[in-house]
file query_36.txt (compact mmCIF, C-alpha atoms)
# COMPACT_ATOMS: atom_id res chain seq x y z
CA MET A 1 31.38 -35.77 -201.78
CA SER A 2 31.63 -34.78 -198.16
CA MET A 3 34.64 -34.37 -195.95
CA LEU A 4 35.21 -35.01 -192.26
CA HIS A 5 37.43 -32.33 -190.72
CA THR A 6 39.15 -33.02 -187.40
CA VAL A 7 40.40 -30.25 -185.12
CA ASN A 8 42.60 -31.13 -182.15
CA LYS A 9 43.76 -27.70 -180.96
CA SER A 10 42.11 -25.30 -178.52
CA PRO A 11 40.59 -22.26 -180.27
CA PHE A 12 42.19 -20.12 -177.56
CA GLU A 13 45.64 -21.27 -178.59
CA ARG A 14 45.58 -21.82 -182.36
CA ASN A 15 43.43 -20.66 -185.24
CA ALA A 16 42.96 -24.21 -186.60
CA LEU A 17 39.22 -24.23 -185.91
CA GLU A 18 38.78 -20.75 -187.36
CA SER A 19 40.55 -21.79 -190.57
CA CYS A 20 38.64 -25.05 -190.70
CA ILE A 21 35.28 -23.28 -190.39
CA ARG A 22 36.33 -20.73 -192.99
CA LEU A 23 37.37 -23.36 -195.53
CA ALA A 24 35.01 -26.27 -194.87
CA LYS A 25 32.29 -26.57 -197.51
CA ALA A 26 28.65 -26.49 -196.51
CA GLY A 27 27.45 -30.01 -195.77
CA SER A 28 30.75 -31.22 -194.38
CA SER A 29 31.39 -32.31 -190.79
CA VAL A 30 33.82 -31.24 -188.09
CA LEU A 31 34.92 -33.52 -185.25
CA LEU A 32 36.47 -31.77 -182.25
CA MET A 33 39.00 -33.90 -180.36
CA GLU A 34 41.88 -33.64 -177.84
CA ASP A 35 42.28 -29.95 -176.84
CA GLY A 36 39.89 -29.09 -179.67
CA VAL A 37 36.95 -30.18 -177.48
CA ILE A 38 37.21 -26.86 -175.62
CA ALA A 39 35.51 -25.19 -178.60
CA ALA A 40 32.42 -27.35 -178.08
CA MET A 41 31.60 -25.82 -174.71
CA GLN A 42 28.83 -23.33 -173.99
CA GLY A 43 29.70 -19.94 -172.57
CA THR A 44 33.17 -19.52 -174.10
CA LYS A 45 34.06 -16.56 -176.29
CA TYR A 46 33.92 -18.96 -179.27
CA SER A 47 30.45 -20.37 -178.57
CA GLN A 48 28.80 -17.78 -180.80
CA SER A 49 30.95 -18.50 -183.86
CA MET A 50 30.37 -22.21 -183.29
CA ALA A 51 26.60 -21.68 -183.23
CA GLU A 52 26.80 -19.65 -186.44
CA ALA A 53 28.97 -22.21 -188.24
CA MET A 54 26.46 -24.91 -187.39
CA ALA A 55 24.06 -23.51 -189.95
CA ASN A 56 26.18 -25.14 -192.68
CA ILE A 57 28.38 -27.67 -190.92
CA SER A 58 27.64 -30.64 -188.62
CA PHE A 59 29.69 -30.60 -185.44
CA TYR A 60 30.76 -33.59 -183.36
CA VAL A 61 32.88 -33.79 -180.23
CA LEU A 62 34.78 -36.76 -178.82
CA GLY A 63 33.27 -37.63 -175.41
CA PRO A 64 36.36 -39.28 -173.87
CA ASP A 65 38.37 -36.07 -174.44
CA LEU A 66 35.63 -33.98 -172.77
CA LYS A 67 35.58 -36.30 -169.75
CA ALA A 68 39.36 -36.24 -169.39
CA ARG A 69 39.29 -32.45 -169.11
CA GLY A 70 36.43 -32.39 -166.63
CA LEU A 71 34.07 -30.90 -169.22
CA SER A 72 30.43 -31.99 -169.05
CA GLU A 73 28.72 -33.50 -172.09
CA GLY A 74 25.58 -31.70 -170.94
CA ASN A 75 27.32 -28.34 -171.37
CA VAL A 76 28.20 -28.48 -175.06
CA VAL A 77 26.84 -25.92 -177.51
CA GLU A 78 23.36 -26.93 -178.61
CA GLY A 79 23.49 -29.07 -181.74
CA VAL A 80 26.98 -30.45 -181.20
CA LYS A 81 26.76 -34.25 -181.07
CA VAL A 82 28.89 -36.17 -178.59
CA VAL A 83 30.46 -39.35 -180.01
CA ASP A 84 32.72 -42.08 -178.62
CA TYR A 85 35.56 -43.85 -180.49
CA ASN A 86 33.07 -46.10 -182.30
CA GLY A 87 31.25 -42.97 -183.40
CA PHE A 88 34.56 -41.60 -184.68
CA VAL A 89 34.97 -44.73 -186.80
CA ASP A 90 31.41 -44.41 -188.10
CA LEU A 91 32.04 -40.79 -189.07
CA THR A 92 35.22 -41.77 -190.90
CA VAL A 93 33.35 -44.43 -192.86
CA ALA A 94 30.41 -42.13 -193.60
CA HIS A 95 32.58 -39.46 -195.23
CA ASP A 96 34.63 -39.65 -198.41
CA SER A 97 37.79 -38.33 -196.83
CA VAL A 98 39.27 -37.00 -193.61
CA GLN A 99 41.17 -33.74 -193.25
CA SER A 100 43.14 -33.11 -190.04
CA TRP A 101 43.69 -29.46 -189.11
CA LEU A 102 46.83 -29.37 -187.01
CA MET B 1 59.72 -21.06 -143.94
CA ASP B 2 63.02 -21.13 -142.03
CA ASN B 3 66.19 -20.19 -143.82
CA ASP B 4 69.74 -19.54 -142.77
CA ASP B 5 70.73 -15.90 -142.91
CA ASP B 6 73.17 -16.45 -145.76
CA GLN B 7 70.68 -18.38 -147.86
CA VAL B 8 69.16 -16.48 -150.75
CA VAL B 9 65.45 -17.04 -151.20
CA LYS B 10 64.28 -16.24 -154.69
CA LYS B 11 60.78 -15.81 -155.95
CA PHE B 12 59.99 -18.54 -158.44
CA MET B 13 56.82 -18.52 -160.48
CA TYR B 14 55.45 -21.35 -162.60
CA MET B 15 53.19 -20.07 -165.35
CA ASN B 16 50.69 -22.67 -166.59
CA ARG B 17 48.92 -21.69 -169.81
CA LYS B 18 47.97 -24.97 -171.50
CA ALA B 19 45.10 -27.42 -171.19
CA PRO B 20 46.01 -30.83 -169.74
CA TYR B 21 46.43 -34.07 -171.79
CA GLY B 22 46.59 -32.50 -175.27
CA THR B 23 50.25 -31.66 -174.65
CA ILE B 24 52.75 -32.77 -171.99
CA TYR B 25 53.28 -29.25 -170.58
CA ALA B 26 50.79 -29.45 -167.69
CA LEU B 27 52.18 -32.70 -166.31
CA GLU B 28 55.80 -31.61 -166.79
CA SER B 29 55.13 -28.37 -164.94
CA LEU B 30 53.56 -30.21 -162.02
CA GLU B 31 56.54 -32.56 -161.79
CA VAL B 32 59.05 -29.72 -161.89
CA VAL B 33 57.10 -27.82 -159.22
CA LEU B 34 57.10 -30.83 -156.87
CA ILE B 35 60.83 -31.38 -157.36
CA ALA B 36 61.65 -27.70 -156.91
CA ALA B 37 59.55 -27.60 -153.73
CA ALA B 38 62.43 -29.39 -151.98
CA PHE B 39 64.62 -26.27 -152.30
CA ASP B 40 62.77 -23.99 -149.87
CA GLN B 41 62.23 -21.12 -152.27
CA ASP B 42 59.33 -18.70 -152.53
CA VAL B 43 57.14 -20.55 -155.02
CA SER B 44 53.95 -19.43 -156.71
CA LEU B 45 51.86 -21.02 -159.44
CA VAL B 46 49.74 -19.27 -162.04
CA PHE B 47 46.91 -20.80 -164.02
CA ALA B 48 45.94 -18.55 -166.91
CA ASP B 49 44.61 -18.95 -170.47
CA ASP B 50 43.89 -22.65 -171.17
CA GLY B 51 45.92 -23.49 -168.05
CA VAL B 52 42.76 -23.03 -165.99
CA TYR B 53 41.49 -26.33 -167.45
CA GLN B 54 44.25 -28.14 -165.51
CA LEU B 55 42.27 -27.61 -162.31
CA THR B 56 38.77 -28.59 -163.46
CA ASN B 57 36.73 -30.83 -161.18
CA SER B 58 35.91 -34.43 -162.00
CA GLN B 59 38.51 -35.14 -164.67
CA SER B 60 38.21 -38.75 -165.80
CA THR B 61 40.86 -40.13 -168.15
CA ASP B 62 39.79 -43.80 -168.18
CA ASP B 63 38.75 -43.61 -171.82
CA ILE B 64 41.83 -41.86 -173.21
CA GLY B 65 44.41 -44.21 -171.72
CA MET B 66 46.33 -41.51 -169.86
CA LYS B 67 47.01 -41.00 -166.17
CA ASN B 68 44.69 -38.53 -164.46
CA PHE B 69 47.18 -36.35 -162.61
CA SER B 70 44.66 -33.77 -161.36
CA PRO B 71 44.43 -35.28 -157.82
CA THR B 72 48.15 -34.50 -157.40
CA TYR B 73 47.46 -30.74 -157.26
CA SER B 74 45.86 -31.25 -153.85
CA ALA B 75 49.30 -32.29 -152.53
CA LEU B 76 50.79 -28.86 -153.27
CA GLY B 77 49.74 -27.56 -149.84
CA ASP B 78 51.79 -30.30 -148.15
CA TYR B 79 54.82 -29.11 -150.13
CA ASP B 80 54.34 -25.64 -148.64
CA ILE B 81 53.11 -24.24 -151.95
CA LYS B 82 50.27 -21.96 -150.98
CA LYS B 83 50.29 -19.16 -153.54
CA ILE B 84 48.19 -20.26 -156.46
CA TYR B 85 46.96 -17.48 -158.72
CA ILE B 86 44.08 -17.92 -161.15
CA GLU B 87 43.38 -15.19 -163.67
CA LYS B 88 39.71 -14.25 -163.55
CA GLU B 89 39.54 -13.07 -167.16
CA SER B 90 40.72 -16.51 -168.33
CA LEU B 91 37.85 -18.15 -166.45
CA ASP B 92 35.34 -15.61 -167.81
CA GLU B 93 36.39 -16.14 -171.44
CA ARG B 94 35.80 -19.86 -170.98
CA GLY B 95 32.46 -19.66 -169.21
CA LEU B 96 34.06 -21.08 -166.05
CA THR B 97 33.95 -20.01 -162.39
CA LEU B 98 35.93 -21.10 -159.34
CA GLU B 99 33.08 -23.56 -158.69
CA ASP B 100 34.24 -25.53 -161.72
CA LEU B 101 37.74 -25.93 -160.26
CA GLN B 102 39.00 -28.11 -157.44
CA ALA B 103 39.63 -26.42 -154.11
CA LEU B 104 43.28 -26.21 -153.05
CA THR B 105 44.22 -25.62 -149.44
CA TYR B 106 47.18 -25.66 -147.04
CA GLU B 107 47.52 -25.96 -143.27
CA ASP B 108 48.87 -22.79 -141.67
CA GLU B 109 51.52 -23.73 -139.10
CA ASP B 110 51.38 -20.20 -137.62
CA ASP B 111 47.65 -20.48 -137.00
CA ASP B 112 47.22 -23.84 -135.23
CA TRP B 113 47.33 -25.67 -138.59
CA ALA B 114 44.09 -24.10 -139.70
CA GLU B 115 43.14 -25.12 -143.22
CA LYS B 116 43.34 -22.13 -145.56
CA ASP B 117 42.62 -21.47 -149.21
CA SER B 118 45.67 -21.55 -151.50
CA ILE B 119 43.79 -20.20 -154.49
CA HIS B 120 43.85 -16.47 -155.19
CA LEU B 121 41.48 -15.30 -157.89
CA VAL B 122 43.20 -12.28 -159.44
CA SER B 123 42.45 -9.83 -162.21
CA ARG B 124 44.75 -9.49 -165.21
CA GLU B 125 46.06 -6.26 -163.72
CA GLU B 126 46.80 -7.85 -160.33
CA LEU B 127 48.48 -10.81 -162.00
CA ALA B 128 50.73 -8.50 -164.00
CA GLU B 129 51.84 -6.98 -160.69
CA VAL B 130 52.63 -10.39 -159.13
CA ILE B 131 54.59 -11.46 -162.23
CA ASP B 132 56.57 -8.24 -162.10
CA GLN B 133 57.73 -9.04 -158.54
CA GLN B 134 59.28 -12.41 -159.48
CA ASP B 135 62.95 -13.22 -159.79
CA VAL B 136 62.32 -16.14 -162.13
CA VAL B 137 59.29 -17.15 -164.18
CA PHE B 138 59.10 -20.64 -165.69
CA SER B 139 56.72 -20.90 -168.61
CA PHE B 140 54.72 -24.05 -169.33

call {"tool": "encode", "arguments": {"input": "query_36.txt", "output": "structure tokens"}}
result
Amino acid sequence: MSMLHTVNKSPFERNALESCIRLAKAGSSVLLMEDGVIAAMQGTKYSQSMAEAMANISFYVLGPDLKARGLSEGNVVEGVKVVDYNGFVDLTVAHDSVQSWL
Amino acid sequence: MDNDDDQVVKKFMYMNRKAPYGTIYALESLEVVLIAAAFDQDVSLVFADDGVYQLTNSQSTDDIGMKNFSPTYSALGDYDIKKIYIEKESLDERGLTLEDLQALTYEDEDDDWAEKDSIHLVSREELAEVIDQQDVVFSF
């Protein structure tokens, strides 16, 4: 059993990502989307906790939402995989269930 | 800015603290600012917290099916809005610098229409001072 968690809020504004990381089981995946993509970037005050969480959780970020905000795919925290909408669908299919952290 | 003697000019500040596209706040603020610009008041804009993402370079919204409104900020100078404050600490926390943001300028009518920078990079302390001087602060 593995779960896909989606986070669509900026870590600077809500604690959705923090709660998600705290409660997601090892081996599950997190997809960052909408304002949540901000957490994927290098050099923010959350980059370190992202890097640490990646020991147990796979992180993905939705490319179209990065591009919309002028954020470069080349600047994401190492290990975070950039996916498009098709990749989102693939992730949904590959996991048993999806949990949205609002 | 010319005003009749009996006209009261108030200091209006628009405080932008949210990233664009995830919520409607950024676009709504921009629209209100452009409408309010017609009233010849003393207008300033602040970009702090996630609001700094509103001004990032090279936004491209083709793949999310929303209008990219970031080019509109460059029109602010033509509306005589030339006080744009960006909080430095907000940039620092996000690993951003002014280089990551679009340049915003205005033409100074008192200086042979020389093109000047509208953006003022301010510290948290300096921003607190500017906020304190306002008559009205609109929060977005």

call {"tool": "closest_residue", "arguments": {"input": "query_36.txt", "among": "B:Ser44, B:Leu30, B:Glu115, B:Asp78", "to": "Gln133 (chain B)", "atoms": "all atoms listed in the file"}}
result
B:Ser44

call {"tool": "closest_residue", "arguments": {"input": "query_36.txt", "among": "B:Ile64, B:Asp40, B:Ile35, B:Lys10", "to": "Gly63 (chain A)", "atoms": "all atoms listed in the file"}}
result
B:Ile64

call {"tool": "closest_residue", "arguments": {"input": "query_36.txt", "among": "B:Leu104, B:Ser29, B:Tyr21, B:Thr56", "to": "Ser72 (chain A)", "atoms": "only C-alpha atoms"}}
result
B:Thr56

call {"tool": "interface_residues", "arguments": {"input": "query_36.txt", "of": "chain A", "to": "chain B", "cutoff": "10 Å", "atoms": "all atoms listed in the file", "output": "number ranges by chain"}}
result
A: 8-13, 33-36, 38-39, 41-47, 63-72, 84-85

call {"tool": "atom_distance", "arguments": {"input": "query_36.txt", "atom1": "CA of Gln48 (chain A)", "atom2": "CA of Leu102 (chain A)"}}
result
22.3 Å

call {"tool": "axis_aligned_box", "arguments": {"input": "query_36.txt", "around": "region 61-66 of chain A", "padding_each_side": "4 Å", "output": "AutoDock Vina command-line options"}}
result
--center_x 35.6 --center_y -36.5 --center_z -176.5 --size_x 13.5 --size_y 13.5 --size_z 15.5

call {"tool": "atom_distance", "arguments": {"input": "query_36.txt", "atom1": "CA of Leu31 (chain A)", "atom2": "CA of Val52 (chain B)"}}
result
23.3 Å

call {"tool": "atom_distance", "arguments": {"input": "query_36.txt", "atom1": "CA of Gly27 (chain A)", "atom2": "CA of Asp96 (chain A)"}}
result
12.3 Å

call {"tool": "closest_residue", "arguments": {"input": "query_36.txt", "among": "A:Ile21, A:Ile57, A:Leu62, A:Ala16", "to": "Ser2 (chain A)", "atoms": "all atoms listed in the file"}}
result
A:Ile57

call {"tool": "closest_residue", "arguments": {"input": "query_36.txt", "among": "B:Phe69, B:Trp113, B:Tyr106, B:Phe12", "to": "Glu31 (chain B)", "atoms": "only C-alpha atoms"}}
result
B:Phe69

call {"tool": "residues_around", "arguments": {"input": "query_36.txt", "residues": "Leu91 (chain A)", "least_positions_apart": "6", "cutoff": "10 Å", "atoms": "only C-alpha atoms", "output": "ChimeraX atom specification"}}
result
/A:3-4,29-31,60,83,85,97-98

call {"tool": "closest_residue", "arguments": {"input": "query_36.txt", "among": "B:Ala26, B:Val32, B:Val43, B:Val9", "to": "Ile131 (chain B)", "atoms": "only C-alpha atoms"}}
result
B:Val43

call {"tool": "residues_near_point", "arguments": {"input": "query_36.txt", "point": "(42.5, -33.0, -188.8)", "cutoff": "7 Å", "atoms": "all atoms listed in the file", "output": "VMD selection string"}}
result
chain A and resid 5 to 8 99 to 102

call {"tool": "write_last_selection", "arguments": {"input": "query_36.txt", "atoms": "C-alpha atoms", "output": "PDB file, in the frame of the given file"}}
result
ATOM      1  CA  HIS A   5      37.430 -32.330-190.720  1.00  0.00           C
ATOM      2  CA  THR A   6      39.150 -33.020-187.400  1.00  0.00           C
ATOM      3  CA  VAL A   7      40.400 -30.250-185.120  1.00  0.00           C
ATOM      4  CA  ASN A   8      42.600 -31.130-182.150  1.00  0.00           C
ATOM      5  CA  GLN A  99      41.170 -33.740-193.250  1.00  0.00           C
ATOM      6  CA  SER A 100      43.140 -33.110-190.040  1.00  0.00           C
ATOM      7  CA  TRP A 101      43.690 -29.460-189.110  1.00  0.00           C
ATOM      8  CA  LEU A 102      46.830 -29.370-187.010  1.00  0.00           C
TER       9      LEU A 102
END
